[in-house]
Structures are given as C-alpha cells and as structure tokens.
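Worksheet: the structure to be examined is printed underneath.
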Amino acid sequence: MVLVAQQDYIRGMITELGHFALILAFLVAIVQSIVPLIGAAKRWVGWMGLAEPAAIVQFLLVSFSFGALVWAFVTSDFSLRVVVENSHSAKPMLYKISGTWGNHEGSMLLWVLIVSLFGAMAALFGGGLPPTLKARVLSVQSMIAVAFFAFILFTSNPFDRLIVAPFDGRDLNPLLQDPGLAFHPPFLYLGYVGLSMAFSFAVAALIEGRVDAAWGRWVRPWTLAAWIFLTIGIALGSWWAYYELGWGGFWFWDPVENASFMPWLLAAALLHSAIVVEKREALKSWTILLAIIAFGFSLIGTFIVRSGLLTSVHAFANDPERGVFILIILVLFIGGALTLFAARAQAMEAKGVFSVVSRESALILNNILLAVSCFVVFFGTMWPMVAEMAFDRKLSVGAPFFNAAFTPFMVALGIALPIGSMLPWKRGKLGKTAYSLRYVFILSVALALLVWVMQTGRSALGPIGLFLGAWITLGAAVDLWSRTGRKGSIQRLFRLPGADWGKAVAHTGLGVTIFAIAGLTAWEVEDIRVAQPGQPFEVGQFTLTLENVRDVQGPNYFSTTADVQVEKSGRSMGTLHPEKRNYPVARMPTTEAAIDYRFWGDLYVVIGDQQADGGWVMRTYIKPLANWIWGGCILMALGGLLSLTDRRFRVAAGARKAPSGGVPAE
C-alpha cells in the first residue's frame, strides 16, 4: 500500500509540474510576442535578442508539459479527466500513447508543442536572417502560441482533475485504435502548424515593408516542410480510411478530409509562387496573400474539427463555445494580417518583367488552378451549413459534386505541368518546348489508346488517367535529363541539385497518384452477396469460399472473425480473415476489412451480419492500383524531402543579409 501511495504521489507530482510548465510557457510566450517586436521597431539589439532564448525555453517547457501528459496516459492516471475519457488500463501501450493526442485537449497541446517547435527551429537555424526580421518572425509565431495557450488553459485544459478518480477509464474511440491513425494526427499537425511559419514570415515582411528574393528563399523551406508533413498526414488518413472503416474507399470528401486537403493545395501553390519571388522578384503580393490564406485554411480546419459545426467521423469535439474561441482566433490573425496586407500593398512592387510564354506565366497558371480548386472544395464543404443557416434547407454535398467540380482543374494542371516546368524564365517559345516533349506525348497517347482497346466497358476515365499519369511522369524525366545540358550524361544527372531531383520525383508521384485514382475508379469490381459456408463463389478472377466464422477475444475487444479461402486459376492464394469487432468498454462495434495487398491491385473482403438461413453478408472488392495511390504520395513526399536537402536552402540566403541595424520600412 505504501508503494502504491508513493507511485500515486510521484505520478501526481509529474502531472502538476506539467500543468505548471504549461502556464510558464504561456507567460514566456506573452513576453516573446511583445518584447522582440518593440525591440525591432526601436532597433534595440538586446530586446530583439530576447526572442531566441525565449523561443527555446518556450519549447522546452511545452515539451515537458506534453511529456507529463503522455506519462499520465502510459501510467493510467485516472485522476485526470482526459485520461478517464480516452484511455483504459487494458488498452495496448501504443494506443495509450496515441490516446494522448487522440482527443481534443491532448491534440491541442500537441498543436501548441509544434507551434513552439517551429519557433525554436527558426531561432536555432535562422542565423542568416536580418535581426529585425528574425525578431518579428519569432514574435508573430509566439503570438499564435499565445492564442492557443489561452484556448487550452481557459477552455480545454488537459490537466483538469477529478475530485474522485474512477477505477478505470472509458477507453479510446475504437476507430482511433489503429497504427495508421496513431501517427496520422502528428503528421497533419506538423503540416498545419508548419504553415504558421510561412504566415509569420509574411506578417514580419509586411511589418518591415520589404519582400525580396531573399525572403522568397527563406520562406520556401518552411513551406516545403509543412507540405511534406501534410502529404504524409493526408496519405496516412486516406490509408486508414481504406482499410479500417470497411467501406472500401480511400477518400470520401468528408469535411475533415477536405479541411486538410485545402491547406495542402494552397501550400503547393505557395511553394511555386515563392519560386517566382526568389528567381524573378515577381508575384510578391500574391505570395504574401497565399501565405496568409494557407494558414487561414489551417485554422479553418481546426475550427471544423472542433466546433461541431460540421459532423465527421474524424471530429475531435462537438462544442460550439470552443468553436467560437477558435473563430475569434481566426478572425484576429487572418483579419489582422489582411488589414496589414492592404496597408503595405504599395511596398510590394514587382520588379521582374516576363512574357506571356514563360516559366513565370506557367507558375501563375499553376497557382490559379490550385487556388480555384481549393475554393471549389471549400464551397462544397461549407455550402450545406450556409444553406441551412440562410435558407433553412438541409442539403448534402457529396462525392459526385466534388468529382465533377474538382477533377477538371486537376486535368488542366496535369496537361500544363510538363510544358510549364520546361519553359525558360522571362521569355520562351511554346512550340520549341512542346517539340521537346513530342515523344512523351506520342507514347502517352499510345498507352491510353492501348488501354482503351483492352478494357471492357469502354470507360474513358482509365485511359485519360493513364495518359495524364504517363504525360506527367515521362515529362518529369525528360525535364530532369534536359538539365544535364546538350551533351547529357549520367554523371551530370547525378550531380544535379537536390531541388531538381525533388521536383522530378514529386511530379512523378503526382502522375502516379492521378493514374491510380483514375484506374481504381474506372476498373473497380464490387460484389455483395450472402455467402454460405463451404460454398465457393466467383468475383472477377478470384474464387472465394467462406470456410468458417468464429469468435475471438482480443486484448480489449471481442471479434467475430471469418476464414475466407481465396483461389486464383485453381491455385490457393491463402486465407483472409475479415472481422467484426466489439469494444465492450466503449460499447462500439467496428468493421475490420481483410485485404490481400498486391502490386497491381488488392482483394478486399468485409464480413457483415449473419442471416436467417445461416449465411453471412459478404462484400468483396477488387481494387486495381490501390497501393499506387499511396505509393504516389510517398514519391511526392520524397520529392519534397530531396528538395529540402538542397544546399541552396541550407545556406539560407546568407549572401543577402541586411545590415545589422535591420531594414527600414518603405
């Protein structure tokens, strides 16, 4: 008993210290948001210098606080309300840890941890920044942290204690007890919050009244890192939905899915527009605006997930009061930044001049297509709420609308991408560039026609997807080879900068993903039937036999598990085990699909309810190219990572340092 009491005391002390560290971090963030900003305005070196140690201390304090909350989940400290509501002593350790951020309060603490992490990274690795700009960037970043510290401490405190601790917890949502979703939120938040750095750079540049090529180079690595994390997070979420929810899809155009997809589109646009700022000192106003709006959509995503305004299987909370708080944060930061943008518009005069046919114009087209497609998704996501509030009509906007409205912009982007990426800066010749891609075009058309002839059903979606995928992928390869010069060689190819390789790999990933989505949509096979035990049935080229259905007990659930024998051309392909699970603590059932993952396509089996005649409802899908979707996402993220390793980013535009006194506002 004495040992247990000592353990409870130590556990309680760690929790209290975590709470105290969170409050201290809030106070440090307040100081960091005010003092360096005044110092930059007054040119007081000491006050500006406070930003760096404050950012690091803030991160260390939040890290300790977050670690204390993780410890509370690991040790099942049921004196904390958040642990009681989202954990259980019988839960596997992985899901105890992921339960830390698998809820509203813990996920917001993770959000603030990442805000402070990016601030600390900027403090440590921002040596090439002018002192005034660096102080202002860290100050703005800390203002974002202050807002969310206040949100946590006043409305969503993860260290809120219960007067009487229960014997055990209520368990985590069973849908979240999955390895894919354990890592999905951290990557998404790294992307969401990573865009806060682009926002901070934009606001700091507006305060200084100066946007130049050096600023474009500084903002690109942060935006690229955010885009990489968003890509990985979205891919993990899509993969989880594919195998966990049991409905066989990889994307449902759910409001919360859209909430992460919209910042991804804008971050991609921001990456490309920042290139124009760096190379040609053009598109300054548009790039600043994109940085503001991209982070604004990250805040909109947070609002959608936590306000209860739109329902979703992914939503963390259903609390309008919390939603109003986040809405106030959104209005203050984005409204304030847009007001500053309007006031400083004259200071962002473009210097670069370019013709209609040029790399700059191609990047503008890229930005237009990405931005418009983002606002199409935004309109479809928010329209049901607007219709209900304004017209008292309940509407549902589903996949048919998004597919019809969004797809044309992606097709146009895919067609323009290879030509646009090969056009020279300032002035080019469209015919000359197109001529260099003539063999790519011919081969892409030939592949599409071949598939059109071979397929049954004569759907144009698959051949069009193959044409676009081949056009983008082969075009990226030609573009990469063209950078080796007229006498190209393998040695020169592997000496190309990381950014060139990154662009080629990322564009290849996009081409693979487009083809995979089109192919899966066009050639998917679905079979729904009542399967009798021992009676084989055919689905496509597979023969399936429901051999047995048995009860299985898991670590914290009970399962009805089927054994499904699979054969192809008379040869056994193994046994699949689809499940229906029931979590007694959470009192919630889940469907666990059994998937035979294959290179060219998956066999996807779901078991349903038993029928009166003794048979079982079974849904079987043949999903061609399913894994290519996530393979394409991996290639896109890898391309971003290769670009991030480019030495030109690490040098950080040091050659363009401003004088130590800073840059006066224009």
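All residue names refer to the structure tokens as shown: chains lettered A, B, ... in order, residues numbered from 1 in each chain, ligands numbered from 1 in order.
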Show me, as a list in words, the residues that have an atom within 7 Å of Leu206 in chain A when counting only C-alpha atoms, minus same-chain residues fewer than 6 positions from it.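 My reading of the contact set: Leu340, Phe341 and Arg344 of chain A.
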Got time to write the residues from that selection, N, CA and C atoms, as a CSV table (one decimal), in the first residue's frame?
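Everything below was put into again-v2.csv:
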```
chain,number,residue,atom,x,y,z
A,340,LEU,N,-3.1,44.5,-42.6
A,340,LEU,CA,-1.7,44.9,-42.8
A,340,LEU,C,-1.3,44.7,-44.2
A,341,PHE,N,-1.8,43.7,-44.9
A,341,PHE,CA,-1.5,43.4,-46.3
A,341,PHE,C,-2.0,44.6,-47.1
A,344,ARG,N,0.1,47.7,-46.7
A,344,ARG,CA,1.5,47.6,-47.2
A,344,ARG,C,1.6,47.3,-48.7
```
Might you pull out every residue within 10 Å of Leu266 in chain A, with only C-alpha atoms counted and same-chain residues fewer than 3 positions away left off, and present them as a short mmCIF file (atom, residue, chain, number, x, y, z; two decimals) with C-alpha atoms, in the first residue's frame?
```
data_model
loop_
_atom_site.label_atom_id
_atom_site.label_comp_id
_atom_site.auth_asym_id
_atom_site.auth_seq_id
_atom_site.Cartn_x
_atom_site.Cartn_y
_atom_site.Cartn_z
CA LEU A 195 2.20 26.82 -42.38
CA TRP A 227 3.75 20.49 -47.39
CA PHE A 261 -6.68 18.89 -48.33
CA MET A 262 -7.39 22.61 -48.79
CA PRO A 263 -4.21 23.82 -47.00
CA ALA A 269 0.62 26.96 -54.77
CA LEU A 270 2.69 28.90 -52.22
CA LEU A 271 5.75 26.75 -52.92
CA HIS A 272 5.56 27.54 -56.63
CA LEU A 290 -1.12 32.90 -50.24
CA ALA A 291 0.97 32.55 -47.06
CA ILE A 293 -4.65 32.34 -46.63
CA ALA A 294 -2.88 28.96 -46.41
CA PHE A 295 -2.51 29.32 -42.63
CA PHE A 297 -7.30 27.43 -44.02
CA ASN A 367 -1.33 28.91 -58.81
CA LEU A 370 -4.58 25.12 -57.37
CA ALA A 371 -6.23 28.12 -55.67
CA VAL A 372 -9.51 27.81 -57.61
CA SER A 373 -9.67 24.07 -56.96
CA CYS A 374 -9.17 24.80 -53.25
CA PHE A 375 -12.05 27.24 -53.20
#
```
Which residues are close to range 603-619 of chain A, i.e. within 9 Å by only C-alpha atoms, leaving aside same-chain residues fewer than 5 positions away? Reply as an NGL selection string. :A and (243 or 246-248 or 526-533 or 542 or 546 or 549 or 560-562 or 564 or 576-580 or 591-598 or 624)
Backbone DSSP call of helix (DSSP H, G or I) for range 172-268 of chain A, listed as a PyMOL selection string: chain A and resi 174-176+179-208+213-244+255-268
Would you kindly return, as a PyMOL selection string, each protein, DNA or RNA residue with an atom no farther than 12 Å from any atom of Ala274 in chain A, considering only C-alpha atoms and excluding same-chain residues fewer than 6 positions away? chain A and resi 198+202+211-224+266-268+280-291+360+363-364+367
List the spatial neighbours of range 447-454 of chain A as a PyMOL selection string - criterion: any atom at most 7 Å away, only C-alpha atoms, same-chain residues fewer than 6 positions off excluded. chain A and resi 463-464+466-467
Within 12 Å of Ile419 in chain A, counting only C-alpha atoms, which residues qualify if same-chain residues fewer than 6 places away don't, as a VMD selection string? chain A and resid 357 to 359 361 to 363 365 to 366 412 to 413 428 to 438 440 to 441 471 to 472 474 to 476 478 to 479
Emit the selected residues as a CSV table (one decimal), in the first residue's frame, including N, CA and C atoms.
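again-v6.csv written:
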```csv
chain,number,residue,atom,x,y,z
A,357,VAL,N,4.4,33.8,-72.5
A,357,VAL,CA,5.0,32.4,-72.6
A,357,VAL,C,6.3,32.4,-71.9
A,358,SER,N,6.3,31.9,-70.6
A,358,SER,CA,7.5,31.9,-69.8
A,358,SER,C,7.2,31.0,-68.6
A,359,ARG,N,8.3,30.7,-67.9
A,359,ARG,CA,8.1,29.9,-66.6
A,359,ARG,C,7.3,30.6,-65.6
A,361,SER,N,4.8,32.7,-66.2
A,361,SER,CA,3.4,32.6,-66.5
A,361,SER,C,2.8,31.2,-66.3
A,362,ALA,N,3.7,30.2,-66.5
A,362,ALA,CA,3.2,28.8,-66.2
A,362,ALA,C,3.0,28.6,-64.7
A,363,LEU,N,3.8,29.2,-63.9
A,363,LEU,CA,3.6,29.1,-62.4
A,363,LEU,C,2.4,29.9,-62.0
A,365,LEU,N,-0.3,30.1,-63.8
A,365,LEU,CA,-1.4,29.2,-64.2
A,365,LEU,C,-1.5,28.1,-63.1
A,366,ASN,N,-0.4,27.6,-62.7
A,366,ASN,CA,-0.3,26.6,-61.6
A,366,ASN,C,-1.1,27.1,-60.4
A,412,ALA,N,-6.5,19.9,-66.1
A,412,ALA,CA,-5.8,21.0,-66.7
A,412,ALA,C,-4.4,21.2,-66.2
A,413,LEU,N,-4.3,21.0,-64.8
A,413,LEU,CA,-3.0,21.1,-64.2
A,413,LEU,C,-2.0,20.1,-64.7
A,428,GLY,N,10.0,32.6,-73.4
A,428,GLY,CA,10.2,31.2,-74.0
A,428,GLY,C,9.4,31.1,-75.3
A,429,LYS,N,9.5,29.9,-75.9
A,429,LYS,CA,8.8,29.6,-77.1
A,429,LYS,C,8.0,28.3,-76.9
A,430,LEU,N,6.7,28.5,-76.9
A,430,LEU,CA,5.8,27.3,-76.6
A,430,LEU,C,6.1,26.2,-77.6
A,431,GLY,N,6.2,26.5,-78.9
A,431,GLY,CA,6.4,25.4,-79.8
A,431,GLY,C,7.7,24.6,-79.6
A,432,LYS,N,8.8,25.3,-79.3
A,432,LYS,CA,10.0,24.7,-79.0
A,432,LYS,C,10.0,23.7,-77.8
A,433,THR,N,9.4,24.2,-76.8
A,433,THR,CA,9.2,23.4,-75.6
A,433,THR,C,8.3,22.2,-75.8
A,434,ALA,N,7.2,22.4,-76.5
A,434,ALA,CA,6.3,21.3,-76.8
A,434,ALA,C,7.0,20.3,-77.7
A,435,TYR,N,7.8,20.7,-78.6
A,435,TYR,CA,8.5,19.8,-79.6
A,435,TYR,C,9.5,18.9,-78.8
A,436,SER,N,10.1,19.4,-77.8
A,436,SER,CA,11.0,18.5,-77.0
A,436,SER,C,10.2,17.4,-76.2
A,437,LEU,N,8.9,17.6,-76.1
A,437,LEU,CA,8.1,16.6,-75.4
A,437,LEU,C,7.3,15.8,-76.4
A,438,ARG,N,7.6,15.8,-77.7
A,438,ARG,CA,6.7,15.2,-78.7
A,438,ARG,C,6.7,13.6,-78.5
A,440,VAL,N,7.2,12.0,-75.7
A,440,VAL,CA,6.4,11.7,-74.5
A,440,VAL,C,4.9,11.8,-74.8
A,441,PHE,N,4.5,12.8,-75.5
A,441,PHE,CA,3.1,12.9,-75.9
A,441,PHE,C,2.6,11.7,-76.7
A,471,TRP,N,2.1,11.2,-69.1
A,471,TRP,CA,2.5,12.5,-69.6
A,471,TRP,C,3.2,13.3,-68.5
A,472,ILE,N,2.7,13.2,-67.3
A,472,ILE,CA,3.4,13.9,-66.2
A,472,ILE,C,4.7,13.2,-65.8
A,474,LEU,N,6.7,10.9,-67.5
A,474,LEU,CA,7.7,10.9,-68.5
A,474,LEU,C,8.2,12.3,-68.8
A,475,GLY,N,7.3,13.3,-68.7
A,475,GLY,CA,7.7,14.7,-68.9
A,475,GLY,C,8.6,15.1,-67.8
A,476,ALA,N,8.4,14.6,-66.5
A,476,ALA,CA,9.4,14.9,-65.5
A,476,ALA,C,10.7,14.3,-65.7
A,478,VAL,N,12.1,13.7,-68.8
A,478,VAL,CA,12.7,14.5,-69.9
A,478,VAL,C,13.2,15.8,-69.3
A,479,ASP,N,12.4,16.5,-68.5
A,479,ASP,CA,12.8,17.7,-67.9
A,479,ASP,C,14.1,17.6,-67.1
```
Among the residues A:Arg571, A:His88, A:Arg43, A:Arg170, the one that comes closest to Arg136 in chain A [using only C-alpha atoms]: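 Looking at the shortest contact to Arg136 in chain A, the residue is A:Arg43.
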Could you tell me which of A:Lys96, A:His19, A:Arg161, A:Lys134 comes closest to Phe78 in chain A if we count only C-alpha atoms? A:Arg161
Would you please give, as an MDAnalysis selection string, all residues of range 457-642 of chain A that DSSP assigns to strand (DSSP E) based on the backbone? chainID A and resid 525:531 537:539 542:553 558:568 571:576 579:583 588:592 594:596 601:610 616:624
